[in-house]
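Structure below is coords_39.txt: compact mmCIF, C-alpha atoms and all ligand atoms.
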```txt
# COMPACT_ATOMS: atom_id res chain seq x y z
CA MET A 1213 -53.44 33.92 147.10
CA ALA A 1214 -52.70 32.28 150.45
CA GLY A 1215 -49.76 29.92 150.45
CA GLY A 1216 -50.48 28.45 147.03
CA ASP A 1217 -53.87 27.11 148.03
CA LYS A 1218 -56.61 26.84 145.44
CA TYR A 1219 -60.29 26.23 146.16
CA SER A 1220 -62.55 24.33 143.77
CA VAL A 1221 -66.24 24.95 144.45
CA LEU A 1222 -68.50 22.12 143.23
CA LEU A 1223 -71.94 23.41 142.31
CA PRO A 1224 -74.41 20.69 141.30
CA THR A 1225 -77.46 22.08 139.55
CA TYR A 1226 -80.81 20.74 138.51
CA ASN A 1227 -83.29 23.39 137.40
CA GLU A 1228 -81.50 26.33 139.04
CA ARG A 1229 -81.82 28.88 136.22
CA GLU A 1230 -82.98 31.69 138.53
CA ASN A 1231 -80.51 30.94 141.30
CA LEU A 1232 -77.32 30.40 139.34
CA PRO A 1233 -76.50 34.03 138.41
CA ILE A 1234 -76.93 35.14 142.04
CA ILE A 1235 -74.96 32.32 143.64
CA ILE A 1236 -72.10 32.77 141.17
CA TRP A 1237 -72.04 36.52 141.70
CA LEU A 1238 -71.91 36.01 145.47
CA LEU A 1239 -69.20 33.36 145.19
CA CYS A 1240 -67.01 35.57 143.03
CA LYS A 1241 -67.60 38.47 145.41
CA TYR A 1242 -66.67 36.67 148.63
CA LEU A 1243 -63.85 34.56 147.20
CA GLY A 1244 -62.47 37.48 145.23
CA GLU A 1245 -62.56 39.81 148.23
CA SER A 1246 -60.61 37.25 150.24
CA ASN A 1247 -57.92 37.17 147.54
CA LEU A 1248 -58.31 33.44 147.11
CA GLU A 1249 -57.45 31.43 144.07
CA TYR A 1250 -60.59 29.57 143.05
CA GLU A 1251 -62.70 27.95 140.37
CA ILE A 1252 -66.41 27.17 140.31
CA ILE A 1253 -67.31 23.84 138.71
CA VAL A 1254 -70.94 23.70 137.61
CA ILE A 1255 -72.26 20.16 137.27
CA ASP A 1256 -75.60 20.44 135.53
CA ASP A 1257 -77.60 17.27 134.92
CA GLY A 1258 -79.45 18.14 131.74
CA SER A 1259 -81.84 20.56 133.48
CA PRO A 1260 -84.91 21.07 131.30
CA ASP A 1261 -85.17 24.72 132.44
CA GLY A 1262 -82.03 25.77 130.57
CA THR A 1263 -79.65 26.10 133.54
CA LEU A 1264 -76.71 25.10 131.36
CA GLU A 1265 -77.37 27.92 128.87
CA VAL A 1266 -77.38 30.39 131.76
CA ALA A 1267 -74.13 28.85 133.02
CA LYS A 1268 -72.56 29.36 129.59
CA GLN A 1269 -73.48 33.04 129.66
CA LEU A 1270 -71.99 33.40 133.13
CA GLN A 1271 -68.81 31.75 131.90
CA GLU A 1272 -68.53 34.48 129.27
CA VAL A 1273 -68.89 37.13 131.95
CA TYR A 1274 -66.55 35.73 134.61
CA GLY A 1275 -64.08 33.83 132.44
CA GLN A 1276 -63.29 30.18 131.72
CA ASP A 1277 -60.71 30.00 134.48
CA LYS A 1278 -63.35 30.92 137.08
CA ILE A 1279 -66.41 29.10 135.74
CA VAL A 1280 -65.85 25.54 134.60
CA LEU A 1281 -68.73 23.60 133.03
CA ARG A 1282 -68.86 19.84 133.49
CA PRO A 1283 -72.42 18.91 132.53
CA ARG A 1284 -73.94 15.45 132.34
CA ALA A 1285 -76.70 14.39 129.98
CA LYS A 1286 -79.34 13.49 132.55
CA LYS A 1287 -80.25 13.63 136.24
CA LEU A 1288 -77.95 11.12 137.88
CA GLY A 1289 -78.17 12.29 141.48
CA LEU A 1290 -76.27 14.52 143.88
CA GLY A 1291 -73.72 11.97 145.10
CA THR A 1292 -72.42 11.10 141.66
CA ALA A 1293 -72.46 14.78 140.69
CA TYR A 1294 -69.80 15.43 143.36
CA ILE A 1295 -67.74 12.43 142.22
CA HIS A 1296 -67.90 13.73 138.66
CA GLY A 1297 -66.93 17.22 139.80
CA ILE A 1298 -63.92 16.16 141.88
CA LYS A 1299 -62.37 14.50 138.85
CA HIS A 1300 -62.14 17.90 137.22
CA ALA A 1301 -61.13 19.93 140.28
CA THR A 1302 -57.71 21.54 140.01
CA GLY A 1303 -57.61 23.00 143.54
CA ASN A 1304 -56.01 21.35 146.56
CA PHE A 1305 -59.20 22.13 148.50
CA VAL A 1306 -62.76 21.37 147.43
CA ILE A 1307 -65.94 23.07 148.66
CA ILE A 1308 -69.32 21.45 148.13
CA MET A 1309 -72.51 23.46 148.43
CA ASP A 1310 -76.02 23.82 147.04
CA ALA A 1311 -76.71 26.21 144.18
CA ASP A 1312 -80.14 27.32 145.40
CA LEU A 1313 -78.91 30.07 147.80
CA SER A 1314 -79.61 27.96 150.88
CA HIS A 1315 -75.85 28.03 151.50
CA HIS A 1316 -74.52 31.58 151.60
CA PRO A 1317 -71.00 32.04 150.18
CA LYS A 1318 -70.23 34.52 152.99
CA PHE A 1319 -69.51 31.51 155.22
CA ILE A 1320 -66.72 30.21 152.99
CA PRO A 1321 -64.02 32.55 154.41
CA GLU A 1322 -65.01 31.24 157.87
CA PHE A 1323 -64.62 27.64 156.67
CA ILE A 1324 -61.16 28.47 155.36
CA LYS A 1325 -60.15 30.20 158.57
CA LYS A 1326 -61.35 27.23 160.61
CA GLN A 1327 -59.49 24.79 158.35
CA LYS A 1328 -56.26 26.69 158.84
CA GLU A 1329 -56.72 27.05 162.61
CA GLY A 1330 -56.94 23.31 163.19
CA ASN A 1331 -55.27 22.09 160.00
CA PHE A 1332 -58.48 20.07 159.52
CA ASP A 1333 -59.06 17.57 156.73
CA LEU A 1334 -62.72 18.54 156.60
CA VAL A 1335 -64.72 21.53 157.77
CA SER A 1336 -68.45 20.91 157.99
CA GLY A 1337 -71.08 23.62 158.11
CA THR A 1338 -73.49 22.90 160.94
CA ARG A 1339 -77.07 24.05 161.49
CA TYR A 1340 -77.16 22.42 164.89
CA THR A 1341 -74.63 24.25 167.07
CA GLY A 1342 -73.88 27.84 168.05
CA ASP A 1343 -75.36 30.46 165.75
CA GLY A 1344 -76.37 27.83 163.20
CA GLY A 1345 -79.97 27.33 162.18
CA VAL A 1346 -82.60 26.60 159.58
CA TYR A 1347 -84.89 29.27 158.18
CA GLY A 1348 -88.00 28.83 156.06
CA TRP A 1349 -88.59 25.12 156.42
CA ASP A 1350 -92.01 23.80 157.38
CA LEU A 1351 -92.38 21.63 160.46
CA LYS A 1352 -92.40 18.41 158.45
CA ARG A 1353 -89.05 19.16 156.84
CA LYS A 1354 -87.54 20.20 160.18
CA ILE A 1355 -88.70 16.97 161.78
CA ILE A 1356 -87.29 14.87 158.94
CA SER A 1357 -83.89 16.55 159.21
CA ARG A 1358 -83.75 16.43 163.02
CA THR A 1359 -84.86 12.81 163.07
CA ALA A 1360 -82.28 11.81 160.45
CA ASN A 1361 -79.54 13.51 162.47
CA TYR A 1362 -80.77 12.14 165.78
CA LEU A 1363 -81.04 8.52 164.62
CA THR A 1364 -77.62 8.70 163.03
CA GLN A 1365 -76.10 10.18 166.19
CA ILE A 1366 -77.46 7.29 168.21
CA LEU A 1367 -76.67 4.50 165.79
CA LEU A 1368 -73.29 5.60 164.48
CA ARG A 1369 -71.82 8.12 166.98
CA PRO A 1370 -70.17 10.09 164.20
CA GLY A 1371 -68.67 12.95 166.18
CA ALA A 1372 -70.14 15.81 164.12
CA SER A 1373 -73.31 17.76 164.84
CA ASP A 1374 -74.78 18.11 161.33
CA LEU A 1375 -74.66 14.92 159.31
CA THR A 1376 -77.08 15.63 156.51
CA GLY A 1377 -75.83 19.08 155.63
CA SER A 1378 -73.91 19.55 152.44
CA PHE A 1379 -71.96 22.78 152.90
CA ARG A 1380 -68.43 21.57 153.47
CA LEU A 1381 -64.76 22.16 152.75
CA PHE A 1382 -62.33 19.28 152.19
CA ARG A 1383 -58.72 18.66 151.45
CA LYS A 1384 -59.15 17.30 147.95
CA GLU A 1385 -57.21 14.13 148.69
CA ALA A 1386 -59.39 13.41 151.73
CA LEU A 1387 -62.59 13.88 149.74
CA GLN A 1388 -61.26 11.62 146.99
CA ASN A 1389 -60.55 8.85 149.49
CA ILE A 1390 -63.89 9.32 151.20
CA VAL A 1391 -65.99 9.15 148.04
CA LYS A 1392 -64.11 6.08 146.86
CA ALA A 1393 -65.29 4.35 150.04
CA CYS A 1394 -68.89 5.59 149.85
CA VAL A 1395 -71.61 3.20 148.72
CA SER A 1396 -74.71 5.42 148.86
CA LYS A 1397 -76.09 7.53 146.04
CA GLY A 1398 -78.93 9.79 147.23
CA TYR A 1399 -79.17 12.31 150.06
CA VAL A 1400 -77.73 9.78 152.52
CA PHE A 1401 -74.39 10.39 150.82
CA GLN A 1402 -73.81 13.51 152.98
CA MET A 1403 -74.10 11.47 156.12
CA GLU A 1404 -71.92 8.65 154.83
CA ILE A 1405 -69.19 11.19 154.07
CA ILE A 1406 -68.86 11.98 157.79
CA ILE A 1407 -68.92 8.30 158.76
CA ARG A 1408 -66.21 7.42 156.25
CA ALA A 1409 -64.15 10.47 157.25
CA ARG A 1410 -64.13 9.17 160.81
CA GLN A 1411 -63.15 5.69 159.62
CA PHE A 1412 -60.15 7.15 157.84
CA GLY A 1413 -59.24 9.12 160.95
CA TYR A 1414 -59.71 12.48 159.24
CA THR A 1415 -60.11 15.48 161.50
CA ILE A 1416 -63.34 17.48 161.32
CA GLY A 1417 -63.86 21.13 162.20
CA GLU A 1418 -67.31 22.73 162.35
CA VAL A 1419 -68.62 26.18 161.46
CA PRO A 1420 -72.19 27.22 162.38
CA ILE A 1421 -74.18 28.16 159.27
CA LYS A 1422 -77.63 29.55 158.63
CA PHE A 1423 -79.50 27.45 156.09
CA VAL A 1424 -82.18 29.47 154.32
CA ASP A 1425 -84.80 27.61 152.31
CA ARG A 1426 -84.79 28.29 148.60
CA VAL A 1427 -86.98 31.04 147.14
CA TYR A 1428 -86.81 29.97 143.46
CA GLY A 1429 -87.53 26.44 142.27
CA GLU A 1430 -88.22 23.41 144.39
CA SER A 1431 -86.40 20.89 146.54
CA LYS A 1432 -85.70 17.50 145.00
CA LEU A 1433 -86.15 15.78 148.37
CA GLY A 1434 -89.13 13.45 148.34
CA GLY A 1435 -90.49 10.39 150.11
CA SER A 1436 -88.18 8.06 148.21
CA GLU A 1437 -85.17 10.02 149.53
CA VAL A 1438 -86.38 9.56 153.10
CA ILE A 1439 -86.66 5.81 152.57
CA GLY A 1440 -83.27 5.82 150.88
CA PHE A 1441 -81.81 7.58 153.91
CA ALA A 1442 -83.28 5.04 156.32
CA LYS A 1443 -81.93 2.15 154.27
CA GLY A 1444 -78.50 3.73 154.00
CA LEU A 1445 -78.39 4.42 157.72
CA LEU A 1446 -79.22 0.81 158.56
CA TYR A 1447 -76.66 -0.42 156.05
CA LEU A 1448 -73.93 1.71 157.62
CA PHE A 1449 -75.03 0.65 161.10
CA ALA A 1450 -74.69 -3.00 160.10
CA THR A 1451 -71.38 -2.65 158.30
CA THR A 1452 -69.26 -0.05 160.09
N1 LIG B 1 -76.32 17.82 139.14
C1 LIG B 1 -77.33 17.53 139.96
N2 LIG B 1 -77.97 16.33 139.83
N3 LIG B 1 -77.67 18.41 140.92
C2 LIG B 1 -78.70 18.09 141.74
C3 LIG B 1 -79.42 16.88 141.65
C4 LIG B 1 -79.02 15.96 140.63
O1 LIG B 1 -79.56 14.88 140.47
N4 LIG B 1 -80.37 16.88 142.64
C5 LIG B 1 -80.25 18.05 143.29
N5 LIG B 1 -79.25 18.80 142.75
C6 LIG B 1 -78.76 20.10 143.19
C7 LIG B 1 -79.78 21.20 143.29
O2 LIG B 1 -79.92 21.91 142.07
C8 LIG B 1 -79.19 22.07 144.40
O3 LIG B 1 -78.18 22.92 143.92
C9 LIG B 1 -78.56 21.04 145.32
O4 LIG B 1 -78.28 19.92 144.50
C10 LIG B 1 -79.46 20.65 146.50
O5 LIG B 1 -80.69 20.17 145.99
P1 LIG B 1 -82.09 20.58 146.69
O6 LIG B 1 -83.16 19.86 145.98
O7 LIG B 1 -82.20 22.04 146.84
O8 LIG B 1 -81.87 19.91 148.11
P2 LIG B 1 -82.61 20.25 149.47
O9 LIG B 1 -82.65 21.70 149.73
O10 LIG B 1 -83.89 19.50 149.52
O11 LIG B 1 -81.63 19.54 150.50
C11 LIG B 1 -80.44 20.16 150.94
O12 LIG B 1 -80.37 20.07 152.33
C12 LIG B 1 -80.24 18.75 152.84
C13 LIG B 1 -80.01 18.81 154.29
O13 LIG B 1 -81.07 19.13 155.01
C14 LIG B 1 -79.23 19.47 150.31
O14 LIG B 1 -78.08 20.21 150.71
C15 LIG B 1 -79.08 18.06 150.78
O15 LIG B 1 -77.86 17.51 150.27
C16 LIG B 1 -79.04 18.04 152.27
O16 LIG B 1 -79.01 16.70 152.73
MN MN B 2 -82.31 23.24 148.55
```

The structure in this file should be written as structure tokens.
Ligand code: GDD
Ligand code: MN
Amino acid sequence: MAGGDKYSVLLPTYNERENLPIIIWLLCKYLGESNLEYEIIVIDDGSPDGTLEVAKQLQEVYGQDKIVLRPRAKKLGLGTAYIHGIKHATGNFVIIMDADLSHHPKFIPEFIKKQKEGNFDLVSGTRYTGDGGVYGWDLKRKIISRTANYLTQILLRPGASDLTGSFRLFRKEALQNIVKACVSKGYVFQMEIIIRARQFGYTIGEVPIKFVDRVYGESKLGGSEVIGFAKGLLYLFATT
């Protein structure tokens, strides 16, 4: 345990039955090997595929101190899943990531190292600098992501290279303040986090990550999320 720090990993799940055992095994491996104090908070939104039952079995295997279950009755969206998770986080740092193996836990020790180097309030995984990248997406999805980042860069000048990514490490207090200020609910929430962080004057470090598209299950990103992003971007442009 490094200097009394504890890391709370927030893992929102919706129909991730196949992915959950692997992601939790990898998390315990990489966090355990680094001798970190940690907990994994699974926020399942009533997945019809039985994700919560799998999570309960994993809790038996790894222990209640490591796997914390904070389910909700129905699918209420990614943004509010984080807000719900933070309330139960006991660490002084919080990591948010996807449960579908697109975000590899091997990057977490790099996030932590980066945070310590610059004493950053936030460390953001980035697909758009250095060794970062996206693997397995079709052209359409790549264009959507690039366009969302590009438009936001132009309109809001946020000072971070990956705005829509969601693999990040925060000082818990910073994340609490940021989410209190956030107005958006859907995928645009990730972008708003960076904008609000800047408003508060929080410092941001970046770590290049490789995002690998999911093998099991499907993405919940659809046309309505794209429209939601555009609306949210314009709202932030008009108000910040
Ligand atoms: N609890 C809960 N509730 N979890 C959810 C919900 C929800 O309503 N919607 C999605 N999730 C979970 C998924 O189970 C997964 O663990 C994670 O949130 C990401 O969902 P995906 O559906 O896999 O997202 P994606 O791959 O299309 O998008 C990812 O990349 C985008 C950047 O390009 C996410 O990381 C986005 O946040 C990100 O903007
Ligand atoms: Mn995904």

Please tabulate, as JSON lines, the residues of stretch 1366-1443 of chain A that come within 12 Å of stretch 1220-1241 of chain A, each with its closest pair of atoms and the distance in Å to one decimal, counting only C-alpha atoms and ordering rows by chain, then residue number upward.
```
{"residue": "A:Ser1378", "atom": "CA", "partner": "A:Leu1222", "partner_atom": "CA", "distance": 11.0}
{"residue": "A:Phe1379", "atom": "CA", "partner": "A:Leu1222", "partner_atom": "CA", "distance": 10.3}
{"residue": "A:Arg1380", "atom": "CA", "partner": "A:Val1221", "partner_atom": "CA", "distance": 9.9}
{"residue": "A:Leu1381", "atom": "CA", "partner": "A:Val1221", "partner_atom": "CA", "distance": 8.9}
{"residue": "A:Phe1382", "atom": "CA", "partner": "A:Ser1220", "partner_atom": "CA", "distance": 9.8}
{"residue": "A:Arg1383", "atom": "CA", "partner": "A:Ser1220", "partner_atom": "CA", "distance": 10.3}
{"residue": "A:Lys1384", "atom": "CA", "partner": "A:Ser1220", "partner_atom": "CA", "distance": 8.9}
{"residue": "A:Arg1426", "atom": "CA", "partner": "A:Asn1231", "partner_atom": "CA", "distance": 8.9}
{"residue": "A:Val1427", "atom": "CA", "partner": "A:Asn1231", "partner_atom": "CA", "distance": 8.7}
{"residue": "A:Tyr1428", "atom": "CA", "partner": "A:Glu1230", "partner_atom": "CA", "distance": 6.5}
{"residue": "A:Gly1429", "atom": "CA", "partner": "A:Glu1228", "partner_atom": "CA", "distance": 6.8}
{"residue": "A:Glu1430", "atom": "CA", "partner": "A:Asn1227", "partner_atom": "CA", "distance": 8.6}
{"residue": "A:Ser1431", "atom": "CA", "partner": "A:Tyr1226", "partner_atom": "CA", "distance": 9.8}
{"residue": "A:Lys1432", "atom": "CA", "partner": "A:Tyr1226", "partner_atom": "CA", "distance": 8.7}
```

Atom pair atom C12 of ligand LIG 1 (chain B) + atom CA of A:Gly1434, distance 11.3 Å

Please identify every polymer residue within 9 Å of ligand LIG 1 (chain B), using only C-alpha atoms and all ligand atoms, and present the set as an MDAnalysis selection string.
-> chainID A and resid 1223:1228 1231:1232 1254:1259 1283:1284 1286:1294 1309:1315 1346 1353:1354 1356:1358 1374:1379 1398:1403 1423 1425:1426 1429:1434

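Of note, atom CA of A:Gln1327 and atom CA of A:Phe1305 are spaced 10.2 Å apart.
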
In Å, with one decimal, what is the gap from atom CA of A:Gly1344 to atom CA of A:Val1419?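 Going from atom CA of A:Gly1344 over to atom CA of A:Val1419 covers 8.1 Å.
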